[in-house]
$ cat input-v4.pdb   # PDB, C-alpha atoms
ATOM      1  CA  MET A   1      77.829 200.262 124.298
ATOM      2  CA  SER A   2      74.307 201.560 124.516
ATOM      3  CA  PHE A   3      71.307 199.665 125.760
ATOM      4  CA  TRP A   4      69.771 199.701 122.261
ATOM      5  CA  SER A   5      72.844 198.206 120.555
ATOM      6  CA  LEU A   6      73.108 195.576 123.303
ATOM      7  CA  GLN A   7      69.485 194.632 122.746
ATOM      8  CA  CYS A   8      70.013 194.407 118.972
ATOM      9  CA  SER A   9      73.062 192.173 119.363
ATOM     10  CA  VAL A  10      71.134 189.830 121.718
ATOM     11  CA  ILE A  11      68.308 189.581 119.175
ATOM     12  CA  THR A  12      70.820 188.901 116.393
ATOM     13  CA  ILE A  13      72.550 186.188 118.437
ATOM     14  CA  ASP A  14      69.184 184.581 119.341
ATOM     15  CA  THR A  15      68.056 184.693 115.715
ATOM     16  CA  LEU A  16      71.389 183.351 114.507
ATOM     17  CA  SER A  17      71.484 180.510 117.041
ATOM     18  CA  GLY A  18      67.838 179.698 116.250
ATOM     19  CA  TYR A  19      68.728 179.572 112.575
ATOM     20  CA  LYS A  20      71.737 177.337 113.270
ATOM     21  CA  LEU A  21      69.605 175.060 115.419
ATOM     22  CA  HIS A  22      66.999 174.903 112.653
ATOM     23  CA  LYS A  23      69.704 173.972 110.124
ATOM     24  CA  HIS A  24      71.161 171.375 112.517
ATOM     25  CA  ILE A  25      67.747 169.753 113.006
ATOM     26  CA  GLY A  26      67.189 169.782 109.236
ATOM     27  CA  LYS A  27      70.517 168.027 108.617
ATOM     28  CA  ALA A  28      69.785 165.454 111.318
ATOM     29  CA  LEU A  29      66.416 164.720 109.712
ATOM     30  CA  GLN A  30      68.087 164.284 106.319
ATOM     31  CA  VAL A  31      70.527 161.796 107.805
ATOM     32  CA  GLN A  32      67.722 159.889 109.501
ATOM     33  CA  SER A  33      65.307 160.165 106.573
ATOM     34  CA  SER A  34      66.515 156.935 104.974
ATOM     35  CA  ALA A  35      65.880 155.056 108.223
ATOM     36  CA  ILE A  36      62.471 156.710 108.539
ATOM     37  CA  LYS A  37      61.617 155.824 104.941
ATOM     38  CA  THR A  38      62.675 152.200 105.450
ATOM     39  CA  ALA A  39      60.627 151.908 108.646
ATOM     40  CA  LEU A  40      57.655 153.523 106.886
ATOM     41  CA  GLU A  41      57.920 151.061 103.995
ATOM     42  CA  HIS A  42      57.979 148.116 106.437
ATOM     43  CA  TYR A  43      54.957 149.535 108.256
ATOM     44  CA  ASN A  44      53.002 150.052 105.028
ATOM     45  CA  VAL A  45      53.759 146.497 103.848
ATOM     46  CA  ALA A  46      52.566 145.115 107.193
ATOM     47  CA  ALA A  47      49.464 147.363 107.176
ATOM     48  CA  ARG A  48      48.468 146.122 103.694
ATOM     49  CA  ALA A  49      49.029 142.478 104.719
ATOM     50  CA  LEU A  50      46.547 142.668 107.608
ATOM     51  CA  SER A  51      43.004 141.447 107.202
ATOM     52  CA  PRO A  52      41.265 143.827 106.724
ATOM     53  CA  PRO A  53      44.075 146.045 105.420
ATOM     54  CA  HIS A  54      44.918 149.004 107.638
ATOM     55  CA  ARG A  55      45.575 152.576 106.566
ATOM     56  CA  THR A  56      49.042 153.243 105.158
ATOM     57  CA  LEU A  57      51.050 156.377 105.880
ATOM     58  CA  THR A  58      52.987 158.777 103.694
ATOM     59  CA  LEU A  59      56.298 160.377 104.579
ATOM     60  CA  GLU A  60      54.617 163.793 104.712
ATOM     61  CA  GLU A  61      52.144 162.549 107.338
ATOM     62  CA  VAL A  62      54.943 161.104 109.475
ATOM     63  CA  VAL A  63      56.954 164.324 109.287
ATOM     64  CA  GLU A  64      53.890 166.341 110.370
ATOM     65  CA  TYR A  65      53.457 164.241 113.516
ATOM     66  CA  THR A  66      55.096 166.150 116.348
ATOM     67  CA  PHE A  67      53.826 164.201 119.332
ATOM     68  CA  LEU A  68      53.425 160.501 119.916
ATOM     69  CA  SER A  69      49.752 161.114 120.687
ATOM     70  CA  ASP A  70      49.309 162.204 117.052
ATOM     71  CA  PHE A  71      50.637 158.803 115.964
ATOM     72  CA  GLN A  72      47.585 156.611 116.397
ATOM     73  CA  LEU A  73      48.962 153.463 114.811
ATOM     74  CA  LEU A  74      47.527 151.133 117.431
ATOM     75  CA  GLN A  75      44.046 152.620 117.266
ATOM     76  CA  ASP A  76      43.016 150.141 114.551
ATOM     77  CA  THR A  77      44.175 147.151 116.556
ATOM     78  CA  HIS A  78      41.526 147.426 119.283
ATOM     79  CA  GLU A  79      39.971 144.020 119.703
ATOM     80  CA  ASP A  80      37.456 142.823 122.280
ATOM     81  CA  ILE A  81      39.180 139.933 124.065
ATOM     82  CA  SER A  82      36.406 139.410 126.584
ATOM     83  CA  GLN A  83      34.749 136.894 124.239
ATOM     84  CA  CYS A  84      37.861 134.749 123.817
ATOM     85  CA  PRO A  85      37.595 131.280 125.395
ATOM     86  CA  TRP A  86      40.564 131.847 127.707
ATOM     87  CA  ALA A  87      39.048 135.076 129.104
ATOM     88  CA  SER A  88      36.123 133.428 130.906
ATOM     89  CA  PRO A  89      36.318 133.261 134.725
ATOM     90  CA  THR A  90      36.201 129.455 134.653
ATOM     91  CA  ALA A  91      39.117 129.242 132.220
ATOM     92  CA  CYS A  92      41.116 131.717 134.331
ATOM     93  CA  LEU A  93      40.502 129.624 137.437
ATOM     94  CA  VAL A  94      41.539 126.425 135.634
ATOM     95  CA  LEU A  95      44.735 128.052 134.317
ATOM     96  CA  ASP A  96      45.600 129.474 137.748
ATOM     97  CA  THR A  97      45.084 126.079 139.365
ATOM     98  CA  TYR A  98      47.163 124.323 136.699
ATOM     99  CA  PHE A  99      50.111 126.676 137.114
ATOM    100  CA  LYS A 100      49.894 126.501 140.907
ATOM    101  CA  MET A 101      50.054 122.696 140.692
ATOM    102  CA  CYS A 102      53.097 122.916 138.400
ATOM    103  CA  ARG A 103      54.816 125.224 140.890
ATOM    104  CA  ALA A 104      53.798 122.926 143.764
ATOM    105  CA  GLN A 105      55.591 119.987 142.117
ATOM    106  CA  GLU A 106      58.731 122.114 141.761
ATOM    107  CA  GLU A 107      58.403 123.224 145.389
ATOM    108  CA  ILE A 108      58.157 119.596 146.588
ATOM    109  CA  ILE A 109      61.400 118.746 144.784
ATOM    110  CA  ARG A 110      63.130 121.815 146.278
ATOM    111  CA  LEU A 111      61.807 121.094 149.781
ATOM    112  CA  ASN A 112      63.054 117.487 149.653
ATOM    113  CA  ILE A 113      66.554 118.866 149.164
ATOM    114  CA  GLU A 114      66.067 121.520 151.879
ATOM    115  CA  ILE A 115      64.828 118.904 154.374
ATOM    116  CA  HIS A 116      67.991 116.857 153.828
ATOM    117  CA  HIS A 117      70.114 119.958 154.465
ATOM    118  CA  PHE A 118      68.080 120.838 157.546
ATOM    119  CA  VAL A 119      68.486 117.368 159.037
ATOM    120  CA  THR A 120      72.211 117.019 158.332
ATOM    121  CA  TYR A 121      73.192 120.534 159.493
ATOM    122  CA  PRO A 122      72.914 119.866 163.278
ATOM    123  CA  GLN A 123      74.825 116.592 162.876
ATOM    124  CA  ASP A 124      77.609 118.292 160.891
ATOM    125  CA  GLU A 125      77.720 121.180 163.370
ATOM    126  CA  ASP A 126      77.987 118.787 166.328
ATOM    127  CA  ARG A 127      80.786 116.852 164.618
ATOM    128  CA  TYR A 128      82.667 120.099 163.859
ATOM    129  CA  LEU A 129      82.369 121.371 167.443
ATOM    130  CA  CYS A 130      83.558 118.031 168.890
ATOM    131  CA  THR A 131      86.594 118.113 166.606
ATOM    132  CA  CYS A 132      87.410 121.688 167.666
ATOM    133  CA  GLU A 133      86.987 120.759 171.334
ATOM    134  CA  GLU A 134      89.400 117.830 170.999
ATOM    135  CA  LYS A 135      92.037 120.015 169.289
ATOM    136  CA  LEU A 136      91.827 122.715 171.992
ATOM    137  CA  HIS A 137      91.518 120.345 174.995
ATOM    138  CA  THR A 138      95.269 120.124 175.602
ATOM    139  CA  SER A 139      96.349 123.670 174.655
ATOM    140  CA  HIS A 140      93.353 125.744 175.917
ATOM    141  CA  PRO A 141      91.179 123.671 178.292
ATOM    142  CA  THR A 142      88.959 126.615 179.347
ATOM    143  CA  LEU A 143      88.168 127.470 175.722
ATOM    144  CA  ALA A 144      87.558 123.801 174.982
ATOM    145  CA  TYR A 145      85.128 123.716 177.902
ATOM    146  CA  GLN A 146      83.215 126.705 176.414
ATOM    147  CA  ILE A 147      82.989 124.908 173.068
TER     148      ILE A 147
END
$ encode --input "input-v4.pdb" --output "structure tokens"
Amino acid sequence: MSFWSLQCSVITIDTLSGYKLHKHIGKALQVQSSAIKTALEHYNVAARALSPPHRTLTLEEVVEYTFLSDFQLLQDTHEDISQCPWASPTACLVLDTYFKMCRAQEEIIRLNIEIHHFVTYPQDEDRYLCTCEEKLHTSHPTLAYQI
């Protein structure tokens, strides 16, 4: 086989596989087109319901978008939240303090339980070791002495 025929067969295979890939992508888009159309209809209904109404999209526009950066759906939703009442420094401080106090109450309840465990543990441990010492006193006096 000559170099020229080898090169031609590689080009034919590349073109053929590219064509098959193109057909495969086209079929996949056809299968998904009903889902895309349904999602587009839901978006357009929601866009019209907003006050003021936002721009609706057509299927052709959606198909032309190749990158997510081309899809600027959230561009219209920019809103300045710095003027909201909860965004002021005083309100933030009040909210932080409130939630810290709520967590402090929960921590007090948890610590009351932990304190009880902490106090009873040495007593339980002492009782356990005394019981073990008594059991081993007759059979292993040296081990009982270590306990």
$ atom_distance --input "input-v4.pdb" --atom1 "atom CA of Arg110 of chain A" --atom2 "atom CA of Glu125 of chain A"
22.5 Å
$ resolve_selection --input "input-v4.pdb" --expression "the PyMOL selection byres ((chain A and resi 56) around 7)" --output "list in words"
Asn44, Ala47, His54, Arg55, Leu57 and Thr58 of chain A
$ atom_distance --input "input-v4.pdb" --atom1 "atom CA of Glu134 of chain A" --atom2 "atom CA of His117 of chain A"
25.5 Å
$ atom_distance --input "input-v4.pdb" --atom1 "atom CA of Asn112 of chain A" --atom2 "atom CA of Leu129 of chain A"
26.5 Å
$ resolve_selection --input "input-v4.pdb" --expression "the PyMOL selection byres ((chain A and resi 142-145) around 12)" --output "PyMOL selection string"
chain A and resi 129-141+146-147
